[in-house]
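Here's the structure, in C-alpha cells; my notes come after.
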Amino acid sequence: MRIAKAVREERWNRVKVLQRILTRSFSAKLLATKRVTKGKGSSTPGVDGVIWKTPAKKMMGAISLQQNGYKASPLRRVYIPKGKNSKRPLGIPTIRDRAMQALYLLALEPVSETLADPNSYGFRCFRACRDAIAQCFYSLSRKRSARWILDADIKACFDGISHQWLLDHLPVEKKILEQWLKCGFIEKRKLFPTRTGSPQGGVISPTLCNMTLDGLEKAVKAASHRRDKVNFIRYADDFVVTSATKEHLENVITPIIKKFLIPRGLILSEEKTRIVHIDEGFDFLGQNLRKYRGKLITTPTKGKVETFKEKVKNIILAYRGRKTEEMIERLNPIIRGWANYHRYIQAGTAFNRLGLIIRNALFKWAKGRHRRKTPKWIRNHYWNISRDKGHFSCVVKTKEDKSKVLELLNPSDILLARYIKVKGKADPFSPEYQEYLQYRQSAANMTLIGKQGLSTAGLP
C-alpha cells in the first residue's frame with residue numbers, strides 16, 4: 001500500500017526504495033515460495049528437474065532467493081493444445097526462477113494495479129472474465145448504445161513484446177528483469193535465444209503483458225468525442241472497442257491502436273481483427289454477444305459448447321468397464337466448472353441441451369455395460385435411486401461402511417445468476433476501496449435464491 005501511494009504521488013524514487021525493501025524481506029520470500037509451491041504447477045519442474053515438496057526444501061528455497069549473483073536458468077519448452085489443430089508454446093522456468101518472479105511480483109503488482117486501465121480485467125486482483133462480459137453488456141445493451149464493435153486480436157502478444165521497451169519503462173530492477181527476458185529456452189536438448197517476448201509459463205508474465213498494454217484505453221478515448229460512444233474493454237491481450245459508426249473505428253481508432261502497439265513490438269492480427277455490427281454479433285472470452293430485435297443476448301459460443309460436449313463424451317467412453325463412482329467423480333468438477341463460468345449469462349437453453357446430450361451418452365454407456373437388461377431396468381438402476389429422480393447416480397460405501405448415493409451433476413442444477421461487475425476504479429492497494437472489495441469477496445461466496453431460481457452475485 002505504501003508503494004501504491006508513492007505511485008499515485010508520482011514519487012518514483014520512493015517507489016524504487018520501497019520495492020527494494022520488499023524484495024529483500026524474508027517474509028516476502030516465504031510468501032513467494034508459498035505461492036509457487038501450491039497448486040498443480042508446483043509439481044511441474046523446469047530444466048533442472050527440481051521441485052520443492054518437503055518443508056525443508058521449501059525453506060532452503062526461500063533462503064536461496066538472493067539478488068547477488070542471481071542468474072536465471074533457460075526455460076523448458078513444452079506445447080499445449082490451442083483450439084483443435086494448433087498448439088501454443090509454453091516456457092516453464094525452474095522452481096527457483098518462479099519463486100524469484102513471485103517475489104518481484106509482490107513489488108510490481110501495486111504499481112500495475114495503480115496505473116492499470118479502468119476496464120482491464122485480465123489477471124488482476126478481484127477481477128474476472130464475468131466483469132469484462134458485464135462491462136460489454138452495460139456498453140451495448142441500451143437502445144442508444146454503440147452499434148459497431150472492433151473485435152481486435154494482437155498477433156502473438158506474449159511472444160512479441162519488445163524487451164527494450166520493458167527494460168526502459170517498467171519500474172523493476174533491470175538486471176533481474178533482463179535475466180528473465182534473455183534466458184533462452186531448451187527444446188530437444190538445444191538452447192535457443194529469446195530476443196522478444198515474455199515467457200507464458202512465468203509467474204510475472206501476465207503482469208508484464210498488462211503493463212505493456214496499459215494506457216491503450218486512455219489513448220483510444222482521447223481521440224473520441226462523447227457522440228462517438230467509444231467504450232474499451234480488455235482482458236489480457238483480447239479487447240473490444242465500441243463506436244457509433246464503422247468509419248470512426250476504421251479511420252480513427254484502428255490507426256491509434258496500431259501506433260500505440262508499434263513501440264512495444266506488437267501488431268494487430270489482420271486475420272482475427274474485424275469490425276462487426278452488433279446485430280451480427282461477436283465472440284469474446286468464450287461467449288457470444290448479439291442483439292436480437294434490439295435486445296442484447298449473451299450465450300456460450302457454439303465452439304465452446306461443442307468442445308465441452310466432446311470432452312464429456314470422450315470421458316464417458318474412456319470409463320467403460322470402470323467403476324461408476326470413478327466416472328462421476330471425474331465428470332462432476334468438469335461440469336461444475338463449465339456451468340459456473342457461464343451461469344451469469346443467458347445459458348439456460350445450452351444447459352438443458354447439454355444435460356440431454358450427457359443423459360443420452362450415459363444411457364448408451366449403461367446399455368453397453370448391461371447388454372441383457374431392459375431400458376426400464378437401466379433407468380431404475382442408474383436414474384431412479386437418487387432423491388431427485390432423473391439424476392444419474394450410484395450407491396457407494398463410505399469409510400463408516402454406510403451406503404451413500406453419489407449423483408452426477410446436471411448443468412441445469414447450477415442456478416443462473418445476475419452479476420454486478422466490480423467498480424472500474426477499485427484498487428486493492430487503496431484504503432478507499434478496502435472495505436468494498438472485502439465485502440464483495442465475502443458476498444461472492446453467498447447464493448441468494450429468488451423465486452425464479454435466480455441468484456444474485458456481486459455488489460453495486
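Note on naming: chains are A, B, ... as they come in the C-alpha cells, residues start from 1 per chain, ligands start from 1 in the order shown.
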
Give me every strand (DSSP E) residue in region 330-418 of chain A, going by DSSP on the backbone, as a VMD selection string.
chain A and resid 393 to 397 403 to 407 416 to 418

Writer output for current selection, N, CA, C and O atoms, as an mmCIF file, in the first residue's frame:
data_model
loop_
_atom_site.group_PDB
_atom_site.id
_atom_site.type_symbol
_atom_site.label_atom_id
_atom_site.label_comp_id
_atom_site.auth_asym_id
_atom_site.auth_seq_id
_atom_site.Cartn_x
_atom_site.Cartn_y
_atom_site.Cartn_z
ATOM 1 N N SER A 393 -26.992 -41.663 -10.971
ATOM 2 C CA SER A 393 -26.464 -41.876 -9.624
ATOM 3 C C SER A 393 -25.942 -43.295 -9.466
ATOM 4 O O SER A 393 -26.215 -44.180 -10.287
ATOM 5 N N CYS A 394 -25.214 -43.503 -8.367
ATOM 6 C CA CYS A 394 -24.781 -44.840 -7.968
ATOM 7 C C CYS A 394 -24.641 -44.869 -6.454
ATOM 8 O O CYS A 394 -24.535 -43.817 -5.811
ATOM 9 N N VAL A 395 -24.656 -46.065 -5.888
ATOM 10 C CA VAL A 395 -24.528 -46.240 -4.442
ATOM 11 C C VAL A 395 -23.088 -46.625 -4.123
ATOM 12 O O VAL A 395 -22.535 -47.552 -4.731
ATOM 13 N N VAL A 396 -22.481 -45.903 -3.183
ATOM 14 C CA VAL A 396 -21.099 -46.184 -2.780
ATOM 15 C C VAL A 396 -21.044 -46.390 -1.270
ATOM 16 O O VAL A 396 -21.941 -45.969 -0.534
ATOM 17 N N LYS A 397 -19.974 -47.019 -0.825
ATOM 18 C CA LYS A 397 -19.753 -47.259 0.597
ATOM 19 C C LYS A 397 -18.838 -46.175 1.160
ATOM 20 O O LYS A 397 -17.806 -45.851 0.572
ATOM 21 N N SER A 403 -24.011 -46.844 3.329
ATOM 22 C CA SER A 403 -24.344 -46.618 1.924
ATOM 23 C C SER A 403 -24.619 -45.140 1.678
ATOM 24 O O SER A 403 -25.254 -44.463 2.491
ATOM 25 N N LYS A 404 -24.138 -44.651 0.527
ATOM 26 C CA LYS A 404 -24.319 -43.239 0.163
ATOM 27 C C LYS A 404 -24.590 -43.155 -1.342
ATOM 28 O O LYS A 404 -23.960 -43.856 -2.132
ATOM 29 N N VAL A 405 -25.530 -42.299 -1.700
ATOM 30 C CA VAL A 405 -25.863 -42.109 -3.112
ATOM 31 C C VAL A 405 -24.989 -40.981 -3.676
ATOM 32 O O VAL A 405 -24.998 -39.863 -3.170
ATOM 33 N N LEU A 406 -24.243 -41.310 -4.718
ATOM 34 C CA LEU A 406 -23.380 -40.318 -5.388
ATOM 35 C C LEU A 406 -24.038 -39.919 -6.698
ATOM 36 O O LEU A 406 -24.282 -40.756 -7.564
ATOM 37 N N GLU A 407 -24.354 -38.622 -6.850
ATOM 38 C CA GLU A 407 -25.085 -38.129 -8.018
ATOM 39 C C GLU A 407 -24.161 -37.418 -8.996
ATOM 40 O O GLU A 407 -23.212 -36.742 -8.583
ATOM 41 N N LEU A 416 -28.710 -19.919 -12.546
ATOM 42 C CA LEU A 416 -28.264 -18.722 -13.256
ATOM 43 C C LEU A 416 -28.228 -17.554 -12.277
ATOM 44 O O LEU A 416 -28.983 -17.520 -11.305
ATOM 45 N N ALA A 417 -27.338 -16.600 -12.532
ATOM 46 C CA ALA A 417 -27.127 -15.512 -11.579
ATOM 47 C C ALA A 417 -27.063 -14.173 -12.288
ATOM 48 O O ALA A 417 -26.622 -14.084 -13.437
ATOM 49 N N ARG A 418 -27.519 -13.132 -11.602
ATOM 50 C CA ARG A 418 -27.351 -11.765 -12.073
ATOM 51 C C ARG A 418 -26.080 -11.216 -11.433
ATOM 52 O O ARG A 418 -26.010 -11.101 -10.212
#

List as CSV every residue of region 235-307 of chain A that is in contact with region 344-357 of chain A, defined as an atom at most 10 Å from one of its atoms (using only C-alpha atoms), together with the nearest atom pair and the distance in Å rounded to one decimal, sorted by chain and then rising number.
residue,atom,partner,partner_atom,distance
A:Gln287,CA,A:Ile345,CA,8.7
A:Asn288,CA,A:Ile345,CA,9.9
A:Leu289,CA,A:Ile345,CA,9.9
A:Ile297,CA,A:Gln346,CA,6.8
A:Thr298,CA,A:Ile345,CA,5.7
A:Thr299,CA,A:Gln346,CA,5.4
A:Pro300,CA,A:Ala347,CA,6.6
A:Thr301,CA,A:Ala350,CA,9.8
A:Lys302,CA,A:Ala350,CA,9.5
A:Val305,CA,A:Ala350,CA,7.7
A:Glu306,CA,A:Leu354,CA,9.6

Export of prior selection with N, CA and C atoms as a short mmCIF file (atom, residue, chain, number, x, y, z; two decimals), in the first residue's frame:
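Result file selection.cif:
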data_model
loop_
_atom_site.label_atom_id
_atom_site.label_comp_id
_atom_site.auth_asym_id
_atom_site.auth_seq_id
_atom_site.Cartn_x
_atom_site.Cartn_y
_atom_site.Cartn_z
N GLN A 287 -17.85 -16.39 -25.11
CA GLN A 287 -19.28 -16.10 -25.09
C GLN A 287 -19.64 -15.20 -26.28
N ASN A 288 -20.84 -15.37 -26.79
CA ASN A 288 -21.30 -14.64 -27.96
C ASN A 288 -22.28 -13.55 -27.53
N LEU A 289 -22.02 -12.31 -27.97
CA LEU A 289 -22.89 -11.19 -27.68
C LEU A 289 -23.53 -10.72 -28.99
N ILE A 297 -28.41 -10.32 -26.23
CA ILE A 297 -28.41 -11.68 -25.67
C ILE A 297 -26.97 -12.19 -25.64
N THR A 298 -26.58 -12.72 -24.50
CA THR A 298 -25.24 -13.28 -24.34
C THR A 298 -25.36 -14.78 -24.08
N THR A 299 -24.73 -15.59 -24.91
CA THR A 299 -24.81 -17.04 -24.79
C THR A 299 -23.41 -17.65 -24.95
N PRO A 300 -23.23 -18.89 -24.51
CA PRO A 300 -21.94 -19.57 -24.77
C PRO A 300 -21.73 -19.73 -26.28
N THR A 301 -20.51 -19.58 -26.74
CA THR A 301 -20.24 -19.73 -28.17
C THR A 301 -20.44 -21.20 -28.58
N LYS A 302 -20.78 -21.38 -29.85
CA LYS A 302 -21.02 -22.74 -30.36
C LYS A 302 -19.76 -23.59 -30.24
N VAL A 305 -19.35 -24.83 -26.65
CA VAL A 305 -20.34 -25.86 -26.35
C VAL A 305 -19.93 -27.18 -26.96
N GLU A 306 -19.48 -27.15 -28.22
CA GLU A 306 -19.06 -28.38 -28.90
C GLU A 306 -17.84 -29.00 -28.23
#

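Across the structure, CA of Tyr121 (chain A) and CA of Gln135 (chain A) are spaced 9.9 Å apart.
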
Residue set, region 11-149 of chain A restricted to alpha helix (DSSP H), as JSON, numbers by chain
{"A": [12, 13, 14, 15, 16, 17, 18, 19, 20, 21, 22, 23, 26, 27, 28, 29, 30, 31, 32, 33, 34, 35, 36, 55, 56, 57, 58, 59, 60, 61, 62, 63, 95, 96, 97, 98, 99, 100, 101, 102, 103, 104, 105, 106, 107, 108, 109, 110, 111, 112, 113, 114, 115, 129, 130, 131, 132, 133, 134, 135, 136, 137, 138, 139, 140]}

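CA of Lys295 (chain A) to CA of Asn231 (chain A) spans 18.7 Å [interatomic distance, one decimal].
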
Nearest-residue call for Val15 (chain A), choices A:Ile334, A:Leu170, A:Ile3, A:Val312, using only C-alpha atoms
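When distances to Val15 (chain A) are compared using only C-alpha atoms, the smallest one comes from A:Ile3.
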
Write out as a PyMOL selection string which residues come within 10 Å of region 171-181 of chain A when counting only C-alpha atoms, dropping same-chain ones fewer than 5 positions away.
chain A and resi 12-13+15-16+19-20+67-68+70-75+93+97-98+100-101+104-105+107-108+111-112+162-164+166+193-199+202+204-205

Find the residues near Ala236 (chain A): any atom within 7 Å, counting only C-alpha atoms, skip ones fewer than 5 places away on the same chain, and give them as a PyMOL selection string.
chain A and resi 122-123+210

Determine, counting only C-alpha atoms, which protein, DNA and RNA residues have an atom within 12 Å of an atom of Tyr433 (chain A); residues of the same chain fewer than 6 positions away are not included. Present the result as a count of residues only.
10

Could you list, as JSON, numbers by chain, every residue within 12 Å of Ile149 (chain A), counting only C-alpha atoms and ignoring same-chain residues fewer than 2 positions away?
{"A": [136, 139, 140, 145, 146, 147, 151, 152, 228, 229, 230, 231, 232, 233, 239, 240, 241, 242, 243, 244, 245, 246, 247, 248, 249, 250, 253, 254, 273, 274, 275, 276, 277, 278, 279, 280, 281, 282, 283, 284, 289, 290]}

Restricted to C-alpha atoms, what would the selected residues look like written as a PDB file, in the first residue's frame?
ATOM      1  CA  CYS A 136     -19.767  -5.305 -22.539  1.00  0.00           C
ATOM      2  CA  SER A 139     -21.864  -0.693 -23.038  1.00  0.00           C
ATOM      3  CA  LEU A 140     -24.086  -2.355 -25.660  1.00  0.00           C
ATOM      4  CA  SER A 145     -25.751   2.224 -27.277  1.00  0.00           C
ATOM      5  CA  ALA A 146     -22.960   1.902 -29.818  1.00  0.00           C
ATOM      6  CA  ARG A 147     -23.759  -0.472 -32.679  1.00  0.00           C
ATOM      7  CA  ASP A 151     -13.116  -7.173 -32.222  1.00  0.00           C
ATOM      8  CA  ALA A 152      -9.318  -6.970 -32.013  1.00  0.00           C
ATOM      9  CA  ASP A 228     -18.803   8.560 -30.806  1.00  0.00           C
ATOM     10  CA  LYS A 229     -19.956   6.278 -27.940  1.00  0.00           C
ATOM     11  CA  VAL A 230     -16.500   4.739 -27.596  1.00  0.00           C
ATOM     12  CA  ASN A 231     -16.053   2.059 -24.911  1.00  0.00           C
ATOM     13  CA  PHE A 232     -12.949  -0.054 -24.347  1.00  0.00           C
ATOM     14  CA  ILE A 233     -12.981  -3.492 -22.662  1.00  0.00           C
ATOM     15  CA  PHE A 239     -10.028  -6.418 -26.306  1.00  0.00           C
ATOM     16  CA  VAL A 240     -13.061  -4.881 -27.975  1.00  0.00           C
ATOM     17  CA  VAL A 241     -13.791  -1.247 -28.817  1.00  0.00           C
ATOM     18  CA  THR A 242     -17.314   0.040 -29.440  1.00  0.00           C
ATOM     19  CA  SER A 243     -18.344   3.040 -31.536  1.00  0.00           C
ATOM     20  CA  ALA A 244     -21.430   4.669 -33.047  1.00  0.00           C
ATOM     21  CA  THR A 245     -20.068   4.398 -36.599  1.00  0.00           C
ATOM     22  CA  LYS A 246     -17.971   1.968 -38.579  1.00  0.00           C
ATOM     23  CA  GLU A 247     -15.982   4.839 -40.131  1.00  0.00           C
ATOM     24  CA  HIS A 248     -14.768   6.037 -36.721  1.00  0.00           C
ATOM     25  CA  LEU A 249     -13.394   2.579 -35.930  1.00  0.00           C
ATOM     26  CA  GLU A 250     -11.705   2.258 -39.325  1.00  0.00           C
ATOM     27  CA  ILE A 253      -9.481   4.006 -33.620  1.00  0.00           C
ATOM     28  CA  THR A 254      -7.592   1.365 -35.617  1.00  0.00           C
ATOM     29  CA  THR A 273      -9.270  -8.445 -36.153  1.00  0.00           C
ATOM     30  CA  ARG A 274     -12.613  -7.396 -37.615  1.00  0.00           C
ATOM     31  CA  ILE A 275     -15.316  -4.745 -37.367  1.00  0.00           C
ATOM     32  CA  VAL A 276     -18.844  -6.123 -36.877  1.00  0.00           C
ATOM     33  CA  HIS A 277     -22.351  -4.794 -36.283  1.00  0.00           C
ATOM     34  CA  ILE A 278     -23.998  -5.720 -33.005  1.00  0.00           C
ATOM     35  CA  ASP A 279     -26.851  -7.404 -34.913  1.00  0.00           C
ATOM     36  CA  GLU A 280     -24.266  -9.758 -36.437  1.00  0.00           C
ATOM     37  CA  GLY A 281     -22.713 -10.421 -33.037  1.00  0.00           C
ATOM     38  CA  PHE A 282     -19.169 -11.243 -31.905  1.00  0.00           C
ATOM     39  CA  ASP A 283     -17.371 -13.753 -29.679  1.00  0.00           C
ATOM     40  CA  PHE A 284     -15.487 -12.581 -26.614  1.00  0.00           C
ATOM     41  CA  LEU A 289     -22.894 -11.189 -27.684  1.00  0.00           C
ATOM     42  CA  ARG A 290     -25.564 -10.287 -30.214  1.00  0.00           C
TER      43      ARG A 290
END
